[in-house]
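Have a look at structure_6.pdb; it's PDB, C-alpha atoms and all ligand atoms:
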```pdb
ATOM      1  CA  MET A  29       0.000   0.000   0.000
ATOM      2  CA  LYS A  30       1.199   3.513  -0.752
ATOM      3  CA  ASP A  31       2.166   5.568   2.305
ATOM      4  CA  ILE A  32      -0.765   7.953   1.999
ATOM      5  CA  GLU A  33      -3.222   5.065   1.699
ATOM      6  CA  THR A  34      -1.725   3.471   4.828
ATOM      7  CA  LEU A  35      -2.126   6.786   6.633
ATOM      8  CA  LYS A  36      -5.711   7.122   5.429
ATOM      9  CA  SER A  37      -6.645   3.601   6.474
ATOM     10  CA  ALA A  38      -5.314   4.295   9.996
ATOM     11  CA  ILE A  39      -7.937   7.007  10.618
ATOM     12  CA  ARG A  40     -10.662   5.364  12.699
ATOM     13  CA  ASP A  41     -14.334   6.211  12.126
ATOM     14  CA  VAL A  42     -16.280   6.411  15.386
ATOM     15  CA  PRO A  43     -20.017   6.675  14.635
ATOM     16  CA  ASP A  44     -22.316   8.809  16.796
ATOM     17  CA  PHE A  45     -19.518  10.647  18.644
ATOM     18  CA  PRO A  46     -19.772  13.186  20.235
ATOM     19  CA  ARG A  47     -23.420  13.226  19.078
ATOM     20  CA  LYS A  48     -25.753  10.947  17.172
ATOM     21  CA  GLY A  49     -25.274  11.286  13.409
ATOM     22  CA  ILE A  50     -21.631  12.504  13.550
ATOM     23  CA  ILE A  51     -18.895  10.188  12.286
ATOM     24  CA  PHE A  52     -15.887  11.232  14.334
ATOM     25  CA  LYS A  53     -12.510  10.897  12.592
ATOM     26  CA  ASP A  54     -10.233   9.521  15.311
ATOM     27  CA  ILE A  55      -6.566  10.371  14.704
ATOM     28  CA  THR A  56      -5.157   8.571  17.776
ATOM     29  CA  PRO A  57      -4.104   5.458  15.779
ATOM     30  CA  VAL A  58      -1.897   7.784  13.672
ATOM     31  CA  LEU A  59      -0.465   9.538  16.739
ATOM     32  CA  LYS A  60       0.622   6.344  18.474
ATOM     33  CA  ASP A  61       2.557   5.062  15.439
ATOM     34  CA  GLY A  62       5.860   6.910  15.025
ATOM     35  CA  LYS A  63       6.100   6.254  11.265
ATOM     36  CA  LEU A  64       2.518   7.358  10.569
ATOM     37  CA  PHE A  65       2.813  10.427  12.793
ATOM     38  CA  SER A  66       5.983  11.457  10.978
ATOM     39  CA  LEU A  67       4.316  10.835   7.594
ATOM     40  CA  ALA A  68       1.377  13.010   8.657
ATOM     41  CA  ILE A  69       3.679  15.859   9.737
ATOM     42  CA  GLU A  70       5.846  15.679   6.584
ATOM     43  CA  ASN A  71       2.792  15.757   4.332
ATOM     44  CA  MET A  72       1.087  18.571   6.235
ATOM     45  CA  LEU A  73       4.284  20.639   5.831
ATOM     46  CA  GLU A  74       4.984  19.770   2.215
ATOM     47  CA  PRO A  75       3.635  22.886   0.361
ATOM     48  CA  PHE A  76       4.991  25.294   2.986
ATOM     49  CA  ARG A  77       8.527  23.992   3.534
ATOM     50  CA  ASP A  78      10.245  26.603   1.390
ATOM     51  CA  GLN A  79       8.056  29.540   2.396
ATOM     52  CA  LYS A  80       8.999  32.158   4.941
ATOM     53  CA  ILE A  81       7.003  31.386   8.091
ATOM     54  CA  ASP A  82       7.430  33.321  11.331
ATOM     55  CA  SER A  83       5.011  31.290  13.459
ATOM     56  CA  VAL A  84       2.681  28.332  13.394
ATOM     57  CA  VAL A  85      -0.734  29.122  14.853
ATOM     58  CA  ALA A  86      -2.523  26.001  16.104
ATOM     59  CA  ILE A  87      -6.099  25.423  17.220
ATOM     60  CA  GLU A  88      -6.997  23.746  20.544
ATOM     61  CA  ALA A  89      -6.664  20.871  21.112
ATOM     62  CA  ARG A  90      -5.666  18.421  18.384
ATOM     63  CA  GLY A  91      -4.115  21.202  16.305
ATOM     64  CA  PHE A  92      -1.479  21.609  19.041
ATOM     65  CA  ILE A  93      -0.155  18.082  18.446
ATOM     66  CA  PHE A  94       0.509  18.637  14.743
ATOM     67  CA  GLY A  95       1.358  22.331  15.043
ATOM     68  CA  GLY A  96       4.064  21.733  17.662
ATOM     69  CA  ALA A  97       5.837  19.112  15.574
ATOM     70  CA  MET A  98       5.572  21.244  12.413
ATOM     71  CA  ALA A  99       6.881  24.390  14.122
ATOM     72  CA  ASN A 100       9.864  22.440  15.396
ATOM     73  CA  ILE A 101      10.777  21.323  11.866
ATOM     74  CA  LEU A 102      10.220  24.836  10.483
ATOM     75  CA  ASN A 103      12.433  26.160  13.266
ATOM     76  CA  CYS A 104       9.798  28.613  14.417
ATOM     77  CA  GLY A 105       7.495  28.977  17.407
ATOM     78  CA  ILE A 106       3.885  27.949  17.960
ATOM     79  CA  ILE A 107       1.042  30.207  19.052
ATOM     80  CA  PRO A 108      -1.967  28.551  20.715
ATOM     81  CA  ILE A 109      -5.556  29.474  19.905
ATOM     82  CA  ARG A 110      -7.688  28.497  22.889
ATOM     83  CA  LYS A 111     -11.293  28.347  23.979
ATOM     84  CA  SER A 112     -12.604  31.244  26.009
ATOM     85  CA  GLY A 113     -11.062  31.770  29.465
ATOM     86  CA  LYS A 114      -8.035  29.468  29.090
ATOM     87  CA  LEU A 115      -5.293  31.947  28.154
ATOM     88  CA  PRO A 116      -3.907  33.780  31.193
ATOM     89  CA  SER A 117      -2.909  37.174  29.756
ATOM     90  CA  LYS A 118      -4.746  39.801  27.687
ATOM     91  CA  THR A 119      -6.513  38.348  24.638
ATOM     92  CA  HIS A 120      -8.198  39.147  21.337
ATOM     93  CA  SER A 121     -11.292  37.015  20.922
ATOM     94  CA  ILE A 122     -13.665  36.024  18.151
ATOM     95  CA  ASP A 123     -17.080  34.375  18.128
ATOM     96  CA  TYR A 124     -17.463  31.766  15.436
ATOM     97  CA  GLU A 125     -20.344  29.649  14.160
ATOM     98  CA  LEU A 126     -20.867  26.089  15.255
ATOM     99  CA  GLU A 127     -23.505  23.772  13.866
ATOM    100  CA  TYR A 128     -25.709  24.904  16.758
ATOM    101  CA  GLY A 129     -24.964  28.370  18.199
ATOM    102  CA  THR A 130     -21.563  30.031  18.563
ATOM    103  CA  ASP A 131     -18.341  29.587  20.494
ATOM    104  CA  THR A 132     -15.415  31.878  21.322
ATOM    105  CA  LEU A 133     -11.720  31.481  20.515
ATOM    106  CA  GLU A 134      -8.880  33.592  21.877
ATOM    107  CA  VAL A 135      -5.248  34.491  21.236
ATOM    108  CA  HIS A 136      -2.894  36.553  23.396
ATOM    109  CA  THR A 137      -2.763  40.163  22.142
ATOM    110  CA  ASP A 138       1.056  40.104  22.109
ATOM    111  CA  ALA A 139       1.417  36.703  20.415
ATOM    112  CA  ILE A 140       1.400  37.865  16.779
ATOM    113  CA  ASN A 141       3.363  40.865  15.522
ATOM    114  CA  LYS A 142       2.178  43.055  12.672
ATOM    115  CA  GLY A 143       3.264  41.502   9.354
ATOM    116  CA  ASP A 144       4.136  38.098  10.834
ATOM    117  CA  LYS A 145       3.828  35.298   8.280
ATOM    118  CA  ILE A 146       1.565  32.656   9.777
ATOM    119  CA  LEU A 147       0.914  28.997   8.977
ATOM    120  CA  LEU A 148      -2.422  27.948  10.512
ATOM    121  CA  VAL A 149      -2.731  24.279  11.554
ATOM    122  CA  ASP A 150      -5.585  22.052  12.702
ATOM    123  CA  ASP A 151      -6.322  18.339  12.509
ATOM    124  CA  LEU A 152      -9.519  18.459  10.471
ATOM    125  CA  LEU A 153     -11.480  20.744   8.156
ATOM    126  CA  ALA A 154     -15.238  20.188   8.417
ATOM    127  CA  THR A 155     -17.538  23.174   7.744
ATOM    128  CA  GLY A 156     -14.616  25.636   7.927
ATOM    129  CA  GLY A 157     -16.287  27.810  10.593
ATOM    130  CA  THR A 158     -13.515  27.308  13.150
ATOM    131  CA  ALA A 159     -10.644  27.991  10.748
ATOM    132  CA  ARG A 160     -12.392  31.031   9.284
ATOM    133  CA  GLY A 161     -12.880  32.464  12.781
ATOM    134  CA  VAL A 162      -9.203  31.906  13.562
ATOM    135  CA  CYS A 163      -8.164  33.567  10.276
ATOM    136  CA  LYS A 164     -10.082  36.674  11.371
ATOM    137  CA  LEU A 165      -8.357  36.527  14.748
ATOM    138  CA  ILE A 166      -4.905  36.285  13.117
ATOM    139  CA  GLU A 167      -5.683  39.219  10.827
ATOM    140  CA  LYS A 168      -7.070  41.271  13.732
ATOM    141  CA  SER A 169      -3.677  40.702  15.400
ATOM    142  CA  GLY A 170      -1.857  41.949  12.269
ATOM    143  CA  GLY A 171      -0.661  38.554  10.994
ATOM    144  CA  GLU A 172      -0.536  37.495   7.331
ATOM    145  CA  ILE A 173      -1.773  33.990   6.581
ATOM    146  CA  VAL A 174       0.674  32.111   4.341
ATOM    147  CA  GLY A 175      -1.518  29.002   4.324
ATOM    148  CA  ILE A 176      -3.720  26.634   6.267
ATOM    149  CA  SER A 177      -2.803  22.981   6.719
ATOM    150  CA  PHE A 178      -5.073  20.115   7.834
ATOM    151  CA  LEU A 179      -4.444  16.402   8.099
ATOM    152  CA  ILE A 180      -8.066  15.610   7.156
ATOM    153  CA  GLU A 181     -10.636  17.362   4.974
ATOM    154  CA  LEU A 182     -14.308  16.326   4.966
ATOM    155  CA  ALA A 183     -14.674  17.471   1.364
ATOM    156  CA  PHE A 184     -18.458  16.891   1.188
ATOM    157  CA  LEU A 185     -18.943  19.720   3.724
ATOM    158  CA  ASN A 186     -17.223  22.186   1.379
ATOM    159  CA  GLY A 187     -15.338  23.992   4.168
ATOM    160  CA  ARG A 188     -12.831  25.239   1.575
ATOM    161  CA  GLU A 189     -15.467  27.640   0.283
ATOM    162  CA  LYS A 190     -15.314  29.566   3.587
ATOM    163  CA  LEU A 191     -11.497  29.714   3.292
ATOM    164  CA  LYS A 192     -11.275  30.606  -0.397
ATOM    165  CA  ASN A 193      -9.107  33.681   0.260
ATOM    166  CA  TYR A 194      -6.286  31.487   1.600
ATOM    167  CA  PRO A 195      -4.112  28.624   0.325
ATOM    168  CA  VAL A 196      -5.682  25.510   1.912
ATOM    169  CA  HIS A 197      -3.822  22.191   2.059
ATOM    170  CA  SER A 198      -5.145  18.851   3.300
ATOM    171  CA  VAL A 199      -3.365  15.506   3.282
ATOM    172  CA  LEU A 200      -6.350  13.120   3.396
ATOM    173  CA  GLN A 201      -9.753  13.748   1.843
ATOM    174  CA  PHE A 202     -12.926  11.889   2.820
TER
HETATM  175  P1  LIG B 301     -15.452  23.045  11.457
HETATM  176  O1  LIG B 301     -15.417  24.369  12.163
HETATM  177  O2  LIG B 301     -16.851  22.584  11.156
HETATM  178  O3  LIG B 301     -14.550  23.021  10.235
HETATM  179  O4  LIG B 301     -14.913  21.969  12.489
HETATM  180  C1  LIG B 301     -13.561  21.794  12.673
HETATM  181  C2  LIG B 301     -13.195  21.442  14.089
HETATM  182  O5  LIG B 301     -14.096  20.491  14.677
HETATM  183  C3  LIG B 301     -11.821  20.817  14.126
HETATM  184  O6  LIG B 301     -11.090  21.391  15.202
HETATM  185  C4  LIG B 301     -12.066  19.342  14.302
HETATM  186  O7  LIG B 301     -11.151  18.802  15.224
HETATM  187  C5  LIG B 301     -13.490  19.213  14.814
HETATM  188  N1  LIG B 301     -14.318  18.256  14.029
HETATM  189  C6  LIG B 301     -15.411  18.579  13.279
HETATM  190  N2  LIG B 301     -15.957  17.496  12.715
HETATM  191  C7  LIG B 301     -15.198  16.439  13.103
HETATM  192  C8  LIG B 301     -15.229  15.025  12.823
HETATM  193  N3  LIG B 301     -16.170  14.467  12.041
HETATM  194  N4  LIG B 301     -14.271  14.250  13.382
HETATM  195  C9  LIG B 301     -13.310  14.802  14.168
HETATM  196  N5  LIG B 301     -13.226  16.096  14.467
HETATM  197  C10 LIG B 301     -14.158  16.933  13.938
END
```
Structure translated into structure tokens:
Amino acid sequence: MKDIETLKSAIRDVPDFPRKGIIFKDITPVLKDGKLFSLAIENMLEPFRDQKIDSVVAIEARGFIFGGAMANILNCGIIPIRKSGKLPSKTHSIDYELEYGTDTLEVHTDAINKGDKILLVDDLLATGGTARGVCKLIEKSGGEIVGISFLIELAFLNGREKLKNYPVHSVLQF
């Protein structure tokens, strides 16, 4: 099997989690296998390797796992985007749409400098609401988005449409 197919077949479908009707894409079988984890990181980085990136911005919580490893290879730092009330210092915040209602994401006001070139990372692109909210937060902080990288894209939800102003990369499409 080709590497990417092996990686794809390691993603575990968990039906009806966290709610009835949702098929949750479980990445933990990839994380626990050193070769697959490395393959995931290498492929998530691939289009951005030769670009100037000042910081990786990663979305709580699974985005931190990939973002940390990618930042280390890019030789840059990682900036966490967290749910409301988790970051200790002064924050910028943004409300974003969920399937039902809204939620709030935050970043420290001093985390991103004006003109910083940012690579945004998360595990999975579904409707694109989360990533779009974070893009607004990065831009509010003065950052420039070089690209957005996901391990998984649920293509049938057309989340790319919400992110059409940015280069979007995904390794595995379902
Ligand atoms: P969205 O804002 O709809 O693009 O949702 C993206 C966020 O929700 C990501 O941080 C994902 O980790 C999580 N997510 C949404 N749908 C799923 C799914 N089917 N399986 C795993 N995670 C999901």
Picked residues, the PyMOL selection byres (((not hetatm)) within 7 of (chain B and resi 301)), as a ChimeraX atom specification: /A:50-54,87,90,126,150-159,187
Long-range neighbours of Thr132 in chain A as a list of chain:residue names, 9 Å cut-off, all atoms listed in the file, 6 positions minimum in chain: A:Arg110, A:Lys111, A:Ser112, A:Ser121, A:Ile122, A:Asp123, A:Tyr124, A:Glu125, A:Gly161
Selected residue, from A:Val135, A:Ile101, A:Ala89, A:Ile180, that lies nearest to Ser66 in chain A when counting all atoms listed in the file: A:Ile101
Pick from A:Leu191, A:Ile32, A:Ile109, A:Ile55, whichever lies nearest to Gly95 in chain A using all atoms listed in the file: A:Ile109
Nearest residue to Ile166 in chain A from the set A:Asn100, A:Thr34, A:Ser83, A:Asn186 (distances using all atoms listed in the file): A:Ser83
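CA of Asp78 in chain A to CA of Gly171 in chain A spans 18.8 Å [interatomic distance, one decimal].
The nearest approach to Ile69 in chain A among the residues A:Val84, A:Ile140, A:Leu165, A:Leu179, with all atoms listed in the file taken into account, belongs to A:Leu179.
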Test item: the PyMOL selection byres (((chain A and resi 106) around 12) and not hetatm) resolved as a ChimeraX atom specification: /A:81-88,91-105,107-109,135,139-140,146-149
Write the residues of the selection above to a file with C-alpha atoms, as an mmCIF file, in the frame of the given file.
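part_10.cif, written as the output of this step:
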```cif
data_model
loop_
_atom_site.group_PDB
_atom_site.id
_atom_site.type_symbol
_atom_site.label_atom_id
_atom_site.label_comp_id
_atom_site.auth_asym_id
_atom_site.auth_seq_id
_atom_site.Cartn_x
_atom_site.Cartn_y
_atom_site.Cartn_z
ATOM 1 C CA ILE A 81 7.003 31.386 8.091
ATOM 2 C CA ASP A 82 7.430 33.321 11.331
ATOM 3 C CA SER A 83 5.011 31.290 13.459
ATOM 4 C CA VAL A 84 2.681 28.332 13.394
ATOM 5 C CA VAL A 85 -0.734 29.122 14.853
ATOM 6 C CA ALA A 86 -2.523 26.001 16.104
ATOM 7 C CA ILE A 87 -6.099 25.423 17.220
ATOM 8 C CA GLU A 88 -6.997 23.746 20.544
ATOM 9 C CA GLY A 91 -4.115 21.202 16.305
ATOM 10 C CA PHE A 92 -1.479 21.609 19.041
ATOM 11 C CA ILE A 93 -0.155 18.082 18.446
ATOM 12 C CA PHE A 94 0.509 18.637 14.743
ATOM 13 C CA GLY A 95 1.358 22.331 15.043
ATOM 14 C CA GLY A 96 4.064 21.733 17.662
ATOM 15 C CA ALA A 97 5.837 19.112 15.574
ATOM 16 C CA MET A 98 5.572 21.244 12.413
ATOM 17 C CA ALA A 99 6.881 24.390 14.122
ATOM 18 C CA ASN A 100 9.864 22.440 15.396
ATOM 19 C CA ILE A 101 10.777 21.323 11.866
ATOM 20 C CA LEU A 102 10.220 24.836 10.483
ATOM 21 C CA ASN A 103 12.433 26.160 13.266
ATOM 22 C CA CYS A 104 9.798 28.613 14.417
ATOM 23 C CA GLY A 105 7.495 28.977 17.407
ATOM 24 C CA ILE A 107 1.042 30.207 19.052
ATOM 25 C CA PRO A 108 -1.967 28.551 20.715
ATOM 26 C CA ILE A 109 -5.556 29.474 19.905
ATOM 27 C CA VAL A 135 -5.248 34.491 21.236
ATOM 28 C CA ALA A 139 1.417 36.703 20.415
ATOM 29 C CA ILE A 140 1.400 37.865 16.779
ATOM 30 C CA ILE A 146 1.565 32.656 9.777
ATOM 31 C CA LEU A 147 0.914 28.997 8.977
ATOM 32 C CA LEU A 148 -2.422 27.948 10.512
ATOM 33 C CA VAL A 149 -2.731 24.279 11.554
#
```
CA of Gly175 in chain A to CA of Pro75 in chain A, distance in Å rounded to a single decimal: 8.9 Å
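Between CA of Lys80 in chain A and CA of His120 in chain A there is a distance of 24.8 Å.
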Long-range neighbours of Leu35 in chain A as number ranges by chain, 12 Å cut-off, only C-alpha atoms, 2 positions minimum in chain: A: 29-33, 37-40, 55-59, 61-71, 179-180, 199-201
Could you work out an axis-aligned bounding box for all listed atoms of range 90-106 of chain A, with 8 Å added on each of the six sides, and give its centre and edge lengths in Å to one decimal, as lines of an AutoDock Vina configuration file?
```
center_x = 3.4
center_y = 23.5
center_z = 14.8
size_x = 34.1
size_y = 26.9
size_z = 24.6
```
Residue nearest Asp144 in chain A among A:Cys163, A:His197, A:Tyr128, A:Ser169 (counting all atoms listed in the file): A:Ser169
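For the choices A:Phe202, A:Asp44, A:Ser117, A:His136, the atom-to-atom distance to Phe184 in chain A is smallest for A:Phe202 when using only C-alpha atoms.
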Atoms are missing here; could range 163-196 of chain A be completed with N, CA and C atoms and written as a PDB file, keeping the file's coordinate frame?
```pdb
ATOM      1  N   CYS A 163      -8.789  32.687  11.278  1.00  0.00           N
ATOM      2  CA  CYS A 163      -8.164  33.567  10.276  1.00  0.00           C
ATOM      3  C   CYS A 163      -8.461  35.033  10.614  1.00  0.00           C
ATOM      4  N   LYS A 164      -9.707  35.296  11.009  1.00  0.00           N
ATOM      5  CA  LYS A 164     -10.082  36.674  11.371  1.00  0.00           C
ATOM      6  C   LYS A 164      -9.291  37.140  12.589  1.00  0.00           C
ATOM      7  N   LEU A 165      -9.117  36.210  13.530  1.00  0.00           N
ATOM      8  CA  LEU A 165      -8.357  36.527  14.748  1.00  0.00           C
ATOM      9  C   LEU A 165      -6.889  36.841  14.421  1.00  0.00           C
ATOM     10  N   ILE A 166      -6.306  36.065  13.528  1.00  0.00           N
ATOM     11  CA  ILE A 166      -4.905  36.285  13.117  1.00  0.00           C
ATOM     12  C   ILE A 166      -4.784  37.644  12.439  1.00  0.00           C
ATOM     13  N   GLU A 167      -5.743  37.952  11.562  1.00  0.00           N
ATOM     14  CA  GLU A 167      -5.683  39.219  10.827  1.00  0.00           C
ATOM     15  C   GLU A 167      -5.934  40.415  11.756  1.00  0.00           C
ATOM     16  N   LYS A 168      -6.827  40.227  12.725  1.00  0.00           N
ATOM     17  CA  LYS A 168      -7.070  41.271  13.732  1.00  0.00           C
ATOM     18  C   LYS A 168      -5.783  41.574  14.513  1.00  0.00           C
ATOM     19  N   SER A 169      -4.946  40.544  14.682  1.00  0.00           N
ATOM     20  CA  SER A 169      -3.677  40.702  15.400  1.00  0.00           C
ATOM     21  C   SER A 169      -2.574  41.249  14.498  1.00  0.00           C
ATOM     22  N   GLY A 170      -2.853  41.407  13.201  1.00  0.00           N
ATOM     23  CA  GLY A 170      -1.857  41.949  12.269  1.00  0.00           C
ATOM     24  C   GLY A 170      -1.077  40.904  11.497  1.00  0.00           C
ATOM     25  N   GLY A 171      -1.389  39.622  11.695  1.00  0.00           N
ATOM     26  CA  GLY A 171      -0.661  38.554  10.994  1.00  0.00           C
ATOM     27  C   GLY A 171      -1.114  38.377   9.550  1.00  0.00           C
ATOM     28  N   GLU A 172      -0.213  37.819   8.730  1.00  0.00           N
ATOM     29  CA  GLU A 172      -0.536  37.495   7.331  1.00  0.00           C
ATOM     30  C   GLU A 172      -0.543  35.980   7.183  1.00  0.00           C
ATOM     31  N   ILE A 173      -1.640  35.441   6.669  1.00  0.00           N
ATOM     32  CA  ILE A 173      -1.773  33.990   6.581  1.00  0.00           C
ATOM     33  C   ILE A 173      -1.121  33.474   5.292  1.00  0.00           C
ATOM     34  N   VAL A 174      -0.045  32.696   5.486  1.00  0.00           N
ATOM     35  CA  VAL A 174       0.674  32.111   4.341  1.00  0.00           C
ATOM     36  C   VAL A 174      -0.110  30.913   3.812  1.00  0.00           C
ATOM     37  N   GLY A 175      -0.745  30.171   4.725  1.00  0.00           N
ATOM     38  CA  GLY A 175      -1.518  29.002   4.324  1.00  0.00           C
ATOM     39  C   GLY A 175      -2.159  28.350   5.529  1.00  0.00           C
ATOM     40  N   ILE A 176      -3.037  27.379   5.217  1.00  0.00           N
ATOM     41  CA  ILE A 176      -3.720  26.634   6.267  1.00  0.00           C
ATOM     42  C   ILE A 176      -3.538  25.158   5.962  1.00  0.00           C
ATOM     43  N   SER A 177      -3.079  24.392   6.956  1.00  0.00           N
ATOM     44  CA  SER A 177      -2.803  22.981   6.719  1.00  0.00           C
ATOM     45  C   SER A 177      -3.612  22.098   7.667  1.00  0.00           C
ATOM     46  N   PHE A 178      -4.289  21.092   7.074  1.00  0.00           N
ATOM     47  CA  PHE A 178      -5.073  20.115   7.834  1.00  0.00           C
ATOM     48  C   PHE A 178      -4.581  18.718   7.490  1.00  0.00           C
ATOM     49  N   LEU A 179      -4.684  17.798   8.455  1.00  0.00           N
ATOM     50  CA  LEU A 179      -4.444  16.402   8.099  1.00  0.00           C
ATOM     51  C   LEU A 179      -5.629  15.872   7.289  1.00  0.00           C
ATOM     52  N   ILE A 180      -6.853  16.188   7.748  1.00  0.00           N
ATOM     53  CA  ILE A 180      -8.066  15.610   7.156  1.00  0.00           C
ATOM     54  C   ILE A 180      -9.000  16.708   6.662  1.00  0.00           C
ATOM     55  N   GLU A 181      -9.587  16.467   5.488  1.00  0.00           N
ATOM     56  CA  GLU A 181     -10.636  17.362   4.974  1.00  0.00           C
ATOM     57  C   GLU A 181     -11.896  16.545   4.701  1.00  0.00           C
ATOM     58  N   LEU A 182     -13.014  16.950   5.299  1.00  0.00           N
ATOM     59  CA  LEU A 182     -14.308  16.326   4.966  1.00  0.00           C
ATOM     60  C   LEU A 182     -14.856  17.108   3.773  1.00  0.00           C
ATOM     61  N   ALA A 183     -14.458  16.670   2.579  1.00  0.00           N
ATOM     62  CA  ALA A 183     -14.674  17.471   1.364  1.00  0.00           C
ATOM     63  C   ALA A 183     -16.156  17.718   1.084  1.00  0.00           C
ATOM     64  N   PHE A 184     -17.014  16.760   1.472  1.00  0.00           N
ATOM     65  CA  PHE A 184     -18.458  16.891   1.188  1.00  0.00           C
ATOM     66  C   PHE A 184     -19.086  18.061   1.963  1.00  0.00           C
ATOM     67  N   LEU A 185     -18.407  18.573   2.963  1.00  0.00           N
ATOM     68  CA  LEU A 185     -18.943  19.720   3.724  1.00  0.00           C
ATOM     69  C   LEU A 185     -18.513  21.063   3.128  1.00  0.00           C
ATOM     70  N   ASN A 186     -17.619  20.996   2.138  1.00  0.00           N
ATOM     71  CA  ASN A 186     -17.223  22.186   1.379  1.00  0.00           C
ATOM     72  C   ASN A 186     -16.679  23.332   2.235  1.00  0.00           C
ATOM     73  N   GLY A 187     -15.927  22.981   3.278  1.00  0.00           N
ATOM     74  CA  GLY A 187     -15.338  23.992   4.168  1.00  0.00           C
ATOM     75  C   GLY A 187     -14.362  24.913   3.451  1.00  0.00           C
ATOM     76  N   ARG A 188     -13.774  24.424   2.356  1.00  0.00           N
ATOM     77  CA  ARG A 188     -12.831  25.239   1.575  1.00  0.00           C
ATOM     78  C   ARG A 188     -13.450  26.546   1.095  1.00  0.00           C
ATOM     79  N   GLU A 189     -14.753  26.472   0.785  1.00  0.00           N
ATOM     80  CA  GLU A 189     -15.467  27.640   0.283  1.00  0.00           C
ATOM     81  C   GLU A 189     -15.330  28.822   1.269  1.00  0.00           C
ATOM     82  N   LYS A 190     -15.425  28.520   2.562  1.00  0.00           N
ATOM     83  CA  LYS A 190     -15.314  29.566   3.587  1.00  0.00           C
ATOM     84  C   LYS A 190     -13.884  30.108   3.693  1.00  0.00           C
ATOM     85  N   LEU A 191     -12.918  29.345   3.155  1.00  0.00           N
ATOM     86  CA  LEU A 191     -11.497  29.714   3.292  1.00  0.00           C
ATOM     87  C   LEU A 191     -10.891  30.075   1.938  1.00  0.00           C
ATOM     88  N   LYS A 192     -11.761  30.481   0.991  1.00  0.00           N
ATOM     89  CA  LYS A 192     -11.275  30.606  -0.397  1.00  0.00           C
ATOM     90  C   LYS A 192     -10.262  31.728  -0.591  1.00  0.00           C
ATOM     91  N   ASN A 193     -10.115  32.619   0.382  1.00  0.00           N
ATOM     92  CA  ASN A 193      -9.107  33.681   0.260  1.00  0.00           C
ATOM     93  C   ASN A 193      -7.704  33.224   0.658  1.00  0.00           C
ATOM     94  N   TYR A 194      -7.571  31.966   1.083  1.00  0.00           N
ATOM     95  CA  TYR A 194      -6.286  31.487   1.600  1.00  0.00           C
ATOM     96  C   TYR A 194      -5.874  30.189   0.904  1.00  0.00           C
ATOM     97  N   PRO A 195      -4.554  29.935   0.819  1.00  0.00           N
ATOM     98  CA  PRO A 195      -4.112  28.624   0.325  1.00  0.00           C
ATOM     99  C   PRO A 195      -4.435  27.544   1.370  1.00  0.00           C
ATOM    100  N   VAL A 196      -5.278  26.575   0.991  1.00  0.00           N
ATOM    101  CA  VAL A 196      -5.682  25.510   1.912  1.00  0.00           C
ATOM    102  C   VAL A 196      -5.082  24.193   1.441  1.00  0.00           C
TER     103      VAL A 196
END
```
